[in-house]
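Peer 1: Before I ask anything, here is the structure I am working with.
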Amino acid sequence: MVSFGEDCKKLFLLEEGFTFLNHGSFGCIPRPVFQAYMKLLEEVESNCDSWFRYKKDARIQKSLKYVARVMNCEAADLVFVENATTGVQTALKNIKLGPGESILITSLSYAGIINTAKRQSEDIGGVCHVLNLDPPISSSEEVVDKYRKYILSHPDIKVAVVDHITSPSTILMPVKKIVEVCHANGVKVVVDGAHAPGHVLIDIKEIDPEYYTGNLHKWFFCPRGCAVLYIKSHLQDKTQPMLASTCHHEGFPHNFFTQATRDYTPYCIVPEAFKFHESLGGREAISAYCSNLSSWAANMLSNKWSEPKLPIPDDMLVPGMAVVRLPTVLQGDKVKVVEVLTYKYKISVAIEFTSGELWMRFCSNVYNTKEDYVRLADAVLDIMKQPDKLMK
């Protein structure tokens with residue numbers, strides 16, 4: 001087995017001299033997975049008629065069996081979509097809300113999901129409720145209690161979009177307990193698990209949502225444009241994909257299998273991504289390495305910059321991401337800070353607003369080492385010495 005860190009970095013096609021600390025945004029394809037991907041593309045191009053007519057569906061179904069093992073559900077309850085945002089939008093479009101019925105999101109929801117929920121609410125003339133979950137958070141039970149109180153005081157809420165891991169604030173939500181509260185009050189649940197597959201444990205049978213979607217191109221090492229959507233069995237015949245294509249009238253899941261003439265190969269590389277994941281020791285081994293690295297890095301950066309870590313309890317931390325407040329002198333222009341770090345210091349991170357302040361999210365993966373975060377710490381300290389010059 002390859003050692004994590006520098007040895008593992010050789011298994012990725014990462015640009016030499018660049019420090020990648022933003023795996024959570026776009027993912028990164030390992031060499032063995034990329035090679036299998038290229039080989040499959042060649043196979044498709046060698047006889048595209050044979051691929052689309054006779055091979056594609058079987059390869060998709062094979063991949064779904066691997067995903068079902070990761071999510072503890074039946075492969076028959078899964079379909080592929082391009083990304084988690086598409087998954088959430090598909091779910092919301094198929095949950096029929098009546099006049100005066102509303103959707104619930106939170107202050108920590110991903111921007112694309114906020115836009116999706118708001119547009120869906122506007123389309124039906126309803127309300128998009130926003131539950132404030134901004135840190136500090138003292139316990140996971142506090143979050144569950146906030147959901148309970150908000151739903152009880154707003155009986156018009158009929159569907160909630162619940163994060164498994166918030167983005168970009170990287171908080172692991174007590175999703176099972178939140179779903180229980182929602183169901184106890186007649187609220188359907190769409191779980192946005194964009195960052196969950198390959199990163200944290202997913203147990204669909206235990207969580208029991210109506211819909212659950214998650215990206216496979218992030219922490220599961222698949223090519224981009226690969227996500228999965230779980231649909232509870234009694235909703236499948238009522239759930240249509242965003243595009244009504246050739247197989248629209250064939251019903252679930254075939255209406256999802258053919259979404260016009262597009263590239264389906266990312267979906268079909270799941271077995272190779274699964275094997276790569278397992279070759280490194282599986283989710284638990286990867287998470288243990290990343291968790292230790294993220295914790296060390298968060299403490300080091302917090303100390304060097306004299307800035308706080310996100311105030312959340314330890315059981316709500318995730319293995320591969322952490323957040324530290326951006327130093328005061330750099331508060332204001334997140335685009336410029338990211339640009340300077342990218343082009344001058346060759347470091348990639350994410351910077352976003354949480355609780356009205358800019359926080360830096362950095363990621364840890366099997367190819368990262370402590371030296372990566374030391375470079376980040378020193379780069380930010382250097383910018384702080386001459387912000388006027390560098391931030392022009």
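By convention here, the chains of the structure tokens are called A, B, ... in the order presented, each chain's residues are numbered starting at 1, and ligands are numbered starting at 1 in the order presented.
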Which residues are near Glu352 of chain A? Cut-off 12 Å, only C-alpha atoms, ignore same chain within fewer than 4 positions. Put them as a VMD selection string.

Peer 2: chain A and resid 108 110 to 111 167 to 170 323 to 326 331 to 335 337 to 338 356 to 362

Peer 1: Kindly save the residues from that selection, with N, CA, C and O atoms included, as a compact mmCIF listing (two decimals), in the first residue's frame.

Peer 2:
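So again_26.txt came out as:
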```txt
# COMPACT_ATOMS: atom_id res chain seq x y z
N LEU A 108 -26.65 28.17 6.25
CA LEU A 108 -25.40 27.53 5.87
C LEU A 108 -25.53 26.74 4.57
O LEU A 108 -24.58 26.07 4.14
N TYR A 110 -25.59 25.74 0.67
CA TYR A 110 -24.72 26.10 -0.45
C TYR A 110 -25.45 27.09 -1.36
O TYR A 110 -26.67 27.00 -1.54
N ALA A 111 -24.72 28.03 -1.95
CA ALA A 111 -25.33 29.10 -2.74
C ALA A 111 -26.22 28.56 -3.86
O ALA A 111 -27.32 29.07 -4.11
N SER A 167 -21.52 23.44 3.22
CA SER A 167 -20.48 23.97 2.34
C SER A 167 -20.75 25.45 2.14
O SER A 167 -21.87 25.84 1.80
N PRO A 168 -19.72 26.29 2.38
CA PRO A 168 -18.31 25.97 2.60
C PRO A 168 -17.90 25.92 4.07
O PRO A 168 -16.70 25.88 4.37
N SER A 169 -18.85 25.92 5.01
CA SER A 169 -18.49 25.99 6.43
C SER A 169 -18.08 24.64 7.02
O SER A 169 -17.64 24.57 8.16
N THR A 170 -18.23 23.56 6.28
CA THR A 170 -17.69 22.23 6.61
C THR A 170 -18.15 21.69 7.96
O THR A 170 -17.36 21.20 8.75
N VAL A 323 -11.94 25.05 8.83
CA VAL A 323 -12.16 26.48 8.56
C VAL A 323 -11.50 27.32 9.64
O VAL A 323 -11.63 27.03 10.84
N VAL A 324 -10.78 28.36 9.22
CA VAL A 324 -10.16 29.34 10.12
C VAL A 324 -10.51 30.73 9.62
O VAL A 324 -10.54 30.97 8.39
N ARG A 325 -10.77 31.64 10.55
CA ARG A 325 -11.16 33.00 10.16
C ARG A 325 -10.01 33.69 9.44
O ARG A 325 -8.84 33.59 9.83
N LEU A 326 -10.35 34.38 8.36
CA LEU A 326 -9.34 35.15 7.62
C LEU A 326 -8.91 36.35 8.46
O LEU A 326 -9.76 37.03 9.06
N GLN A 331 -9.96 40.95 5.56
CA GLN A 331 -11.41 40.86 5.46
C GLN A 331 -11.91 41.85 4.40
O GLN A 331 -11.45 42.98 4.33
N GLY A 332 -12.82 41.40 3.57
CA GLY A 332 -13.42 42.33 2.61
C GLY A 332 -13.48 41.80 1.19
O GLY A 332 -14.56 41.61 0.65
N ASP A 333 -12.33 41.54 0.58
CA ASP A 333 -12.30 41.16 -0.82
C ASP A 333 -11.83 39.72 -0.97
O ASP A 333 -10.65 39.45 -1.17
N LYS A 334 -12.76 38.78 -0.90
CA LYS A 334 -12.38 37.37 -0.94
C LYS A 334 -11.82 36.98 -2.31
O LYS A 334 -10.90 36.16 -2.41
N VAL A 335 -12.36 37.58 -3.36
CA VAL A 335 -11.90 37.25 -4.71
C VAL A 335 -10.43 37.62 -4.88
O VAL A 335 -9.64 36.84 -5.44
N VAL A 337 -8.11 37.98 -2.49
CA VAL A 337 -7.24 37.14 -1.65
C VAL A 337 -7.00 35.80 -2.34
O VAL A 337 -5.87 35.31 -2.42
N VAL A 338 -8.06 35.19 -2.85
CA VAL A 338 -7.92 33.91 -3.55
C VAL A 338 -7.04 34.07 -4.79
O VAL A 338 -6.19 33.22 -5.09
N GLY A 356 -21.28 36.51 8.55
CA GLY A 356 -20.92 37.88 8.21
C GLY A 356 -19.43 38.16 8.12
O GLY A 356 -19.04 39.31 7.93
N GLU A 357 -18.59 37.13 8.26
CA GLU A 357 -17.14 37.30 8.17
C GLU A 357 -16.56 36.33 7.16
O GLU A 357 -17.17 35.30 6.85
N LEU A 358 -15.37 36.67 6.65
CA LEU A 358 -14.71 35.79 5.71
C LEU A 358 -13.89 34.73 6.45
O LEU A 358 -13.11 35.05 7.35
N TRP A 359 -14.10 33.48 6.07
CA TRP A 359 -13.37 32.36 6.66
C TRP A 359 -12.71 31.58 5.53
O TRP A 359 -13.26 31.46 4.44
N MET A 360 -11.53 31.06 5.82
CA MET A 360 -10.82 30.26 4.83
C MET A 360 -11.09 28.78 5.07
O MET A 360 -10.88 28.28 6.17
N ARG A 361 -11.55 28.12 4.02
CA ARG A 361 -11.71 26.67 4.08
C ARG A 361 -10.54 26.02 3.35
O ARG A 361 -10.23 26.36 2.21
N PHE A 362 -9.89 25.11 4.04
CA PHE A 362 -8.82 24.34 3.40
C PHE A 362 -9.13 22.86 3.55
O PHE A 362 -9.82 22.43 4.47
```

Peer 1: Would you return as a list in words the members of segment 50-161 of chain A that DSSP assigns to strand (DSSP E) on this structure's backbone?

Peer 2: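 Strand (DSSP E) members of segment 50-161 of chain A, listed: Leu78, Val79, Phe80, Val81, Ser102, Ile103, Leu104, Ile105, Thr106, Cys128, His129, Val130, Leu131, Ile157, Lys158, Val159, Ala160 and Val161 of chain A.
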
Peer 1: Which is closest to Ala194 of chain A among A:Gly320, A:Gly87, A:Gly282, A:Pro387, if we use only C-alpha atoms?

Peer 2: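 Closest candidate: A:Gly87.
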
Peer 1: Go ahead and compute the interatomic distance for atom CA of Ala160 of chain A and atom CA of Leu104 of chain A, in Å to one decimal.

Peer 2: 4.5 Å

Peer 1: In terms of the shortest atom-to-atom distance over only C-alpha atoms, which of A:Val161, A:Ile347, A:Met316, A:Ala196 is closest to Pro136 of chain A?

Peer 2: A:Met316

Peer 1: Taking only segment 22-126 of chain A into account, list the residues labelled helix (DSSP H, G or I) by DSSP (computed from the backbone), as an NGL selection string.

Peer 2: :A and (23-26 or 31-46 or 48-71 or 75-77 or 84-94 or 111-124)

Peer 1: Find the spatial neighbours of segment 116-121 of chain A, counting only C-alpha atoms, within a cut-off of 12 Å - ignore same-chain residues fewer than 6 positions away - and output them as a PDB file with N, CA, C and O atoms, in the first residue's frame.

Peer 2:
```pdb
ATOM      1  N   ALA A  84     -24.560  17.326  -7.354  1.00  0.00           N
ATOM      2  CA  ALA A  84     -25.525  17.348  -6.253  1.00  0.00           C
ATOM      3  C   ALA A  84     -26.559  18.459  -6.414  1.00  0.00           C
ATOM      4  O   ALA A  84     -27.714  18.299  -6.004  1.00  0.00           O
ATOM      5  N   THR A  85     -26.178  19.575  -6.998  1.00  0.00           N
ATOM      6  CA  THR A  85     -27.139  20.649  -7.230  1.00  0.00           C
ATOM      7  C   THR A  85     -28.257  20.173  -8.166  1.00  0.00           C
ATOM      8  O   THR A  85     -29.438  20.462  -7.939  1.00  0.00           O
ATOM      9  N   THR A  86     -27.879  19.430  -9.205  1.00  0.00           N
ATOM     10  CA  THR A  86     -28.875  18.841 -10.093  1.00  0.00           C
ATOM     11  C   THR A  86     -29.768  17.874  -9.325  1.00  0.00           C
ATOM     12  O   THR A  86     -30.985  17.820  -9.533  1.00  0.00           O
ATOM     13  N   GLY A  87     -29.157  17.109  -8.412  1.00  0.00           N
ATOM     14  CA  GLY A  87     -29.926  16.163  -7.609  1.00  0.00           C
ATOM     15  C   GLY A  87     -30.964  16.849  -6.743  1.00  0.00           C
ATOM     16  O   GLY A  87     -32.127  16.427  -6.680  1.00  0.00           O
ATOM     17  N   VAL A  88     -30.565  17.926  -6.065  1.00  0.00           N
ATOM     18  CA  VAL A  88     -31.498  18.669  -5.213  1.00  0.00           C
ATOM     19  C   VAL A  88     -32.597  19.290  -6.054  1.00  0.00           C
ATOM     20  O   VAL A  88     -33.786  19.234  -5.709  1.00  0.00           O
ATOM     21  N   GLN A  89     -32.215  19.873  -7.186  1.00  0.00           N
ATOM     22  CA  GLN A  89     -33.216  20.521  -8.032  1.00  0.00           C
ATOM     23  C   GLN A  89     -34.211  19.494  -8.584  1.00  0.00           C
ATOM     24  O   GLN A  89     -35.415  19.759  -8.653  1.00  0.00           O
ATOM     25  N   THR A  90     -33.713  18.312  -8.945  1.00  0.00           N
ATOM     26  CA  THR A  90     -34.599  17.251  -9.423  1.00  0.00           C
ATOM     27  C   THR A  90     -35.607  16.872  -8.347  1.00  0.00           C
ATOM     28  O   THR A  90     -36.808  16.731  -8.613  1.00  0.00           O
ATOM     29  N   ALA A  91     -35.116  16.713  -7.113  1.00  0.00           N
ATOM     30  CA  ALA A  91     -36.007  16.353  -6.009  1.00  0.00           C
ATOM     31  C   ALA A  91     -37.058  17.424  -5.766  1.00  0.00           C
ATOM     32  O   ALA A  91     -38.261  17.132  -5.657  1.00  0.00           O
ATOM     33  N   LEU A  92     -36.634  18.684  -5.696  1.00  0.00           N
ATOM     34  CA  LEU A  92     -37.578  19.767  -5.407  1.00  0.00           C
ATOM     35  C   LEU A  92     -38.611  19.933  -6.521  1.00  0.00           C
ATOM     36  O   LEU A  92     -39.779  20.241  -6.257  1.00  0.00           O
ATOM     37  N   LYS A  93     -38.204  19.724  -7.760  1.00  0.00           N
ATOM     38  CA  LYS A  93     -39.137  19.840  -8.886  1.00  0.00           C
ATOM     39  C   LYS A  93     -40.214  18.760  -8.833  1.00  0.00           C
ATOM     40  O   LYS A  93     -41.304  18.931  -9.371  1.00  0.00           O
ATOM     41  N   ASN A  94     -39.883  17.626  -8.199  1.00  0.00           N
ATOM     42  CA  ASN A  94     -40.813  16.491  -8.182  1.00  0.00           C
ATOM     43  C   ASN A  94     -41.624  16.372  -6.897  1.00  0.00           C
ATOM     44  O   ASN A  94     -42.504  15.524  -6.809  1.00  0.00           O
ATOM     45  N   ILE A  95     -41.322  17.194  -5.904  1.00  0.00           N
ATOM     46  CA  ILE A  95     -42.158  17.245  -4.707  1.00  0.00           C
ATOM     47  C   ILE A  95     -43.212  18.315  -4.943  1.00  0.00           C
ATOM     48  O   ILE A  95     -42.918  19.509  -4.953  1.00  0.00           O
ATOM     49  N   LYS A  96     -44.406  17.893  -5.170  1.00  0.00           N
ATOM     50  CA  LYS A  96     -45.455  18.833  -5.551  1.00  0.00           C
ATOM     51  C   LYS A  96     -45.993  19.576  -4.326  1.00  0.00           C
ATOM     52  O   LYS A  96     -46.596  18.990  -3.436  1.00  0.00           O
ATOM     53  N   LEU A  97     -45.736  20.864  -4.295  1.00  0.00           N
ATOM     54  CA  LEU A  97     -46.223  21.711  -3.208  1.00  0.00           C
ATOM     55  C   LEU A  97     -47.459  22.475  -3.659  1.00  0.00           C
ATOM     56  O   LEU A  97     -47.543  22.924  -4.807  1.00  0.00           O
ATOM     57  N   GLY A  98     -48.381  22.626  -2.744  1.00  0.00           N
ATOM     58  CA  GLY A  98     -49.605  23.348  -3.047  1.00  0.00           C
ATOM     59  C   GLY A  98     -49.529  24.793  -2.608  1.00  0.00           C
ATOM     60  O   GLY A  98     -48.517  25.240  -2.039  1.00  0.00           O
ATOM     61  N   PRO A  99     -50.587  25.542  -2.837  1.00  0.00           N
ATOM     62  CA  PRO A  99     -50.634  26.950  -2.418  1.00  0.00           C
ATOM     63  C   PRO A  99     -50.394  27.082  -0.917  1.00  0.00           C
ATOM     64  O   PRO A  99     -50.961  26.344  -0.110  1.00  0.00           O
ATOM     65  N   GLY A 100     -49.505  28.009  -0.559  1.00  0.00           N
ATOM     66  CA  GLY A 100     -49.223  28.253   0.853  1.00  0.00           C
ATOM     67  C   GLY A 100     -48.251  27.281   1.483  1.00  0.00           C
ATOM     68  O   GLY A 100     -47.953  27.394   2.677  1.00  0.00           O
ATOM     69  N   GLU A 101     -47.726  26.324   0.702  1.00  0.00           N
ATOM     70  CA  GLU A 101     -46.748  25.367   1.239  1.00  0.00           C
ATOM     71  C   GLU A 101     -45.335  25.820   0.901  1.00  0.00           C
ATOM     72  O   GLU A 101     -45.094  26.405  -0.164  1.00  0.00           O
ATOM     73  N   SER A 102     -44.391  25.537   1.813  1.00  0.00           N
ATOM     74  CA  SER A 102     -43.074  26.166   1.720  1.00  0.00           C
ATOM     75  C   SER A 102     -41.915  25.181   1.844  1.00  0.00           C
ATOM     76  O   SER A 102     -42.076  24.045   2.277  1.00  0.00           O
ATOM     77  N   ILE A 103     -40.719  25.697   1.477  1.00  0.00           N
ATOM     78  CA  ILE A 103     -39.458  24.960   1.538  1.00  0.00           C
ATOM     79  C   ILE A 103     -38.594  25.559   2.638  1.00  0.00           C
ATOM     80  O   ILE A 103     -38.574  26.781   2.838  1.00  0.00           O
ATOM     81  N   LEU A 104     -37.850  24.700   3.334  1.00  0.00           N
ATOM     82  CA  LEU A 104     -36.927  25.153   4.374  1.00  0.00           C
ATOM     83  C   LEU A 104     -35.492  24.844   3.970  1.00  0.00           C
ATOM     84  O   LEU A 104     -35.150  23.711   3.633  1.00  0.00           O
ATOM     85  N   ILE A 105     -34.637  25.880   4.009  1.00  0.00           N
ATOM     86  CA  ILE A 105     -33.195  25.718   3.871  1.00  0.00           C
ATOM     87  C   ILE A 105     -32.569  26.353   5.105  1.00  0.00           C
ATOM     88  O   ILE A 105     -33.278  26.671   6.065  1.00  0.00           O
ATOM     89  N   THR A 106     -31.240  26.523   5.126  1.00  0.00           N
ATOM     90  CA  THR A 106     -30.603  27.158   6.286  1.00  0.00           C
ATOM     91  C   THR A 106     -29.635  28.248   5.833  1.00  0.00           C
ATOM     92  O   THR A 106     -29.297  28.359   4.644  1.00  0.00           O
ATOM     93  N   SER A 109     -26.693  26.802   3.924  1.00  0.00           N
ATOM     94  CA  SER A 109     -26.892  26.078   2.667  1.00  0.00           C
ATOM     95  C   SER A 109     -25.957  26.623   1.589  1.00  0.00           C
ATOM     96  O   SER A 109     -25.606  27.806   1.569  1.00  0.00           O
ATOM     97  N   TYR A 110     -25.586  25.738   0.671  1.00  0.00           N
ATOM     98  CA  TYR A 110     -24.721  26.101  -0.451  1.00  0.00           C
ATOM     99  C   TYR A 110     -25.453  27.086  -1.356  1.00  0.00           C
ATOM    100  O   TYR A 110     -26.673  27.000  -1.537  1.00  0.00           O
ATOM    101  N   VAL A 127     -43.076  30.354  -0.095  1.00  0.00           N
ATOM    102  CA  VAL A 127     -42.027  30.999   0.693  1.00  0.00           C
ATOM    103  C   VAL A 127     -40.852  30.048   0.835  1.00  0.00           C
ATOM    104  O   VAL A 127     -41.031  28.841   0.997  1.00  0.00           O
ATOM    105  N   CYS A 128     -39.652  30.603   0.774  1.00  0.00           N
ATOM    106  CA  CYS A 128     -38.442  29.830   1.074  1.00  0.00           C
ATOM    107  C   CYS A 128     -37.944  30.273   2.442  1.00  0.00           C
ATOM    108  O   CYS A 128     -37.399  31.366   2.596  1.00  0.00           O
ATOM    109  N   HIS A 129     -38.176  29.442   3.456  1.00  0.00           N
ATOM    110  CA  HIS A 129     -37.748  29.772   4.815  1.00  0.00           C
ATOM    111  C   HIS A 129     -36.254  29.503   4.985  1.00  0.00           C
ATOM    112  O   HIS A 129     -35.728  28.537   4.432  1.00  0.00           O
ATOM    113  N   VAL A 130     -35.599  30.359   5.769  1.00  0.00           N
ATOM    114  CA  VAL A 130     -34.167  30.185   6.045  1.00  0.00           C
ATOM    115  C   VAL A 130     -33.966  30.088   7.550  1.00  0.00           C
ATOM    116  O   VAL A 130     -34.159  31.064   8.280  1.00  0.00           O
ATOM    117  N   ILE A 157     -44.251  24.734   6.224  1.00  0.00           N
ATOM    118  CA  ILE A 157     -43.084  24.026   5.679  1.00  0.00           C
ATOM    119  C   ILE A 157     -43.453  22.570   5.403  1.00  0.00           C
ATOM    120  O   ILE A 157     -43.900  21.848   6.288  1.00  0.00           O
ATOM    121  N   LYS A 158     -43.241  22.161   4.151  1.00  0.00           N
ATOM    122  CA  LYS A 158     -43.581  20.784   3.748  1.00  0.00           C
ATOM    123  C   LYS A 158     -42.381  20.008   3.219  1.00  0.00           C
ATOM    124  O   LYS A 158     -42.459  18.798   3.034  1.00  0.00           O
ATOM    125  N   VAL A 159     -41.285  20.705   2.945  1.00  0.00           N
ATOM    126  CA  VAL A 159     -40.061  20.030   2.505  1.00  0.00           C
ATOM    127  C   VAL A 159     -38.855  20.805   3.027  1.00  0.00           C
ATOM    128  O   VAL A 159     -38.859  22.041   3.043  1.00  0.00           O
ATOM    129  N   ALA A 160     -37.841  20.062   3.483  1.00  0.00           N
ATOM    130  CA  ALA A 160     -36.611  20.681   3.986  1.00  0.00           C
ATOM    131  C   ALA A 160     -35.420  20.134   3.212  1.00  0.00           C
ATOM    132  O   ALA A 160     -35.324  18.926   2.976  1.00  0.00           O
ATOM    133  N   VAL A 161     -34.531  21.039   2.791  1.00  0.00           N
ATOM    134  CA  VAL A 161     -33.263  20.627   2.202  1.00  0.00           C
ATOM    135  C   VAL A 161     -32.233  20.654   3.331  1.00  0.00           C
ATOM    136  O   VAL A 161     -31.930  21.718   3.885  1.00  0.00           O
ATOM    137  N   VAL A 162     -31.735  19.477   3.691  1.00  0.00           N
ATOM    138  CA  VAL A 162     -30.864  19.320   4.860  1.00  0.00           C
ATOM    139  C   VAL A 162     -29.453  18.950   4.413  1.00  0.00           C
ATOM    140  O   VAL A 162     -29.278  17.989   3.657  1.00  0.00           O
ATOM    141  N   VAL A 190     -34.992  16.361   1.625  1.00  0.00           N
ATOM    142  CA  VAL A 190     -33.994  16.184   0.578  1.00  0.00           C
ATOM    143  C   VAL A 190     -32.642  16.431   1.227  1.00  0.00           C
ATOM    144  O   VAL A 190     -32.374  17.539   1.703  1.00  0.00           O
TER     145      VAL A 190
END
```

Peer 1: Kindly indicate which residue among A:His248, A:Arg53, A:His234, A:Lys275 lies nearest to Ala36 of chain A, using only C-alpha atoms for the distances.

Peer 2: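 Closest to Ala36 of chain A, using only C-alpha atoms: A:Lys275.
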
Peer 1: Report as a PyMOL selection string all protein, DNA and RNA residues lying within 10 Å of segment 1-13 of chain A, evaluated on only C-alpha atoms, omitting residues in the same chain fewer than 3 positions from it.

Peer 2: chain A and resi 16+28-34+279-281+285-286+289-290+365-370

Peer 1: Extract, using only C-alpha atoms, all DNA, RNA and protein residues at most 7 Å from Val179 of chain A, discarding same-chain residues fewer than 4 positions from it, and format them as a list in words.

Peer 2: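 Neighbouring residues, sequence-local ones excluded: Val175, His183, Val189, Ile207 and Pro209 of chain A.
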
Peer 1: Can you list, as a ChimeraX atom specification, every protein, DNA or RNA residue that comes within 6 Å of Ile204 of chain A when you count only C-alpha atoms, leaving out same-chain residues fewer than 3 positions away?

Peer 2: /A:71-73,207-208

Peer 1: Expressed in Å to a single decimal, how great is the separation between atom CA of Ala297 of chain A and atom CA of Gly193 of chain A?

Peer 2: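 Separating atom CA of Ala297 of chain A from atom CA of Gly193 of chain A is a distance of 24.5 Å.
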
Peer 1: Can you tell me, as a ChimeraX atom specification, what residues are no more than 8 Å from segment 227-233 of chain A when counting only C-alpha atoms, ignoring any on the same chain fewer than 4 positions away?

Peer 2: /A:77-84,87,209-217,267

Peer 1: Any chance you could export the current selection's N, CA, C and O atoms as an mmCIF file, in the first residue's frame?

Peer 2:
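So the final result, stored in selection21.cif, reads:
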```cif
data_model
loop_
_atom_site.group_PDB
_atom_site.id
_atom_site.type_symbol
_atom_site.label_atom_id
_atom_site.label_comp_id
_atom_site.auth_asym_id
_atom_site.auth_seq_id
_atom_site.Cartn_x
_atom_site.Cartn_y
_atom_site.Cartn_z
ATOM 1 N N ASP A 77 -32.641 1.801 -6.156
ATOM 2 C CA ASP A 77 -33.169 3.082 -5.673
ATOM 3 C C ASP A 77 -32.269 4.259 -6.054
ATOM 4 O O ASP A 77 -32.487 5.384 -5.591
ATOM 5 N N LEU A 78 -31.274 4.000 -6.883
ATOM 6 C CA LEU A 78 -30.288 5.026 -7.232
ATOM 7 C C LEU A 78 -30.288 5.326 -8.727
ATOM 8 O O LEU A 78 -30.520 4.439 -9.549
ATOM 9 N N VAL A 79 -30.004 6.582 -9.052
ATOM 10 C CA VAL A 79 -29.726 6.987 -10.430
ATOM 11 C C VAL A 79 -28.567 7.974 -10.390
ATOM 12 O O VAL A 79 -28.263 8.563 -9.343
ATOM 13 N N PHE A 80 -27.940 8.151 -11.531
ATOM 14 C CA PHE A 80 -26.870 9.139 -11.631
ATOM 15 C C PHE A 80 -27.421 10.480 -12.111
ATOM 16 O O PHE A 80 -28.355 10.537 -12.918
ATOM 17 N N VAL A 81 -26.815 11.552 -11.597
ATOM 18 C CA VAL A 81 -27.051 12.906 -12.081
ATOM 19 C C VAL A 81 -25.679 13.579 -12.199
ATOM 20 O O VAL A 81 -24.679 13.040 -11.732
ATOM 21 N N GLU A 82 -25.641 14.751 -12.805
ATOM 22 C CA GLU A 82 -24.339 15.376 -13.068
ATOM 23 C C GLU A 82 -23.663 15.915 -11.809
ATOM 24 O O GLU A 82 -22.440 15.895 -11.702
ATOM 25 N N ASN A 83 -24.435 16.422 -10.876
ATOM 26 C CA ASN A 83 -23.865 16.940 -9.633
ATOM 27 C C ASN A 83 -24.965 17.033 -8.582
ATOM 28 O O ASN A 83 -26.146 16.842 -8.883
ATOM 29 N N ALA A 84 -24.560 17.326 -7.354
ATOM 30 C CA ALA A 84 -25.525 17.348 -6.253
ATOM 31 C C ALA A 84 -26.559 18.459 -6.414
ATOM 32 O O ALA A 84 -27.714 18.299 -6.004
ATOM 33 N N GLY A 87 -29.157 17.109 -8.412
ATOM 34 C CA GLY A 87 -29.926 16.163 -7.609
ATOM 35 C C GLY A 87 -30.964 16.849 -6.743
ATOM 36 O O GLY A 87 -32.127 16.427 -6.680
ATOM 37 N N PRO A 209 -34.242 9.283 4.256
ATOM 38 C CA PRO A 209 -34.809 10.485 3.637
ATOM 39 C C PRO A 209 -35.684 10.123 2.444
ATOM 40 O O PRO A 209 -35.689 8.983 1.974
ATOM 41 N N GLU A 210 -36.427 11.093 1.950
ATOM 42 C CA GLU A 210 -37.156 10.892 0.698
ATOM 43 C C GLU A 210 -36.165 10.898 -0.475
ATOM 44 O O GLU A 210 -36.275 10.081 -1.393
ATOM 45 N N TYR A 211 -35.235 11.843 -0.431
ATOM 46 C CA TYR A 211 -34.206 11.957 -1.459
ATOM 47 C C TYR A 211 -32.858 12.207 -0.779
ATOM 48 O O TYR A 211 -32.785 12.877 0.253
ATOM 49 N N TYR A 212 -31.804 11.695 -1.396
ATOM 50 C CA TYR A 212 -30.438 11.958 -0.921
ATOM 51 C C TYR A 212 -29.545 12.048 -2.156
ATOM 52 O O TYR A 212 -29.578 11.168 -3.022
ATOM 53 N N THR A 213 -28.776 13.113 -2.245
ATOM 54 C CA THR A 213 -27.868 13.272 -3.379
ATOM 55 C C THR A 213 -26.461 13.577 -2.899
ATOM 56 O O THR A 213 -26.271 14.226 -1.865
ATOM 57 N N GLY A 214 -25.475 13.082 -3.641
ATOM 58 C CA GLY A 214 -24.086 13.320 -3.260
ATOM 59 C C GLY A 214 -23.169 13.248 -4.470
ATOM 60 O O GLY A 214 -23.413 12.486 -5.414
ATOM 61 N N ASN A 215 -22.108 14.037 -4.443
ATOM 62 C CA ASN A 215 -21.130 14.037 -5.537
ATOM 63 C C ASN A 215 -20.152 12.876 -5.388
ATOM 64 O O ASN A 215 -19.722 12.560 -4.272
ATOM 65 N N LEU A 216 -19.784 12.299 -6.513
ATOM 66 C CA LEU A 216 -18.762 11.255 -6.522
ATOM 67 C C LEU A 216 -17.438 11.769 -7.083
ATOM 68 O O LEU A 216 -16.437 11.069 -7.040
ATOM 69 N N HIS A 217 -17.441 12.996 -7.599
ATOM 70 C CA HIS A 217 -16.204 13.548 -8.164
ATOM 71 C C HIS A 217 -15.347 14.250 -7.115
ATOM 72 O O HIS A 217 -14.233 14.674 -7.425
ATOM 73 N N TYR A 267 -20.001 8.292 -15.109
ATOM 74 C CA TYR A 267 -20.801 7.385 -14.300
ATOM 75 C C TYR A 267 -20.232 5.963 -14.309
ATOM 76 O O TYR A 267 -20.375 5.215 -13.333
#
```
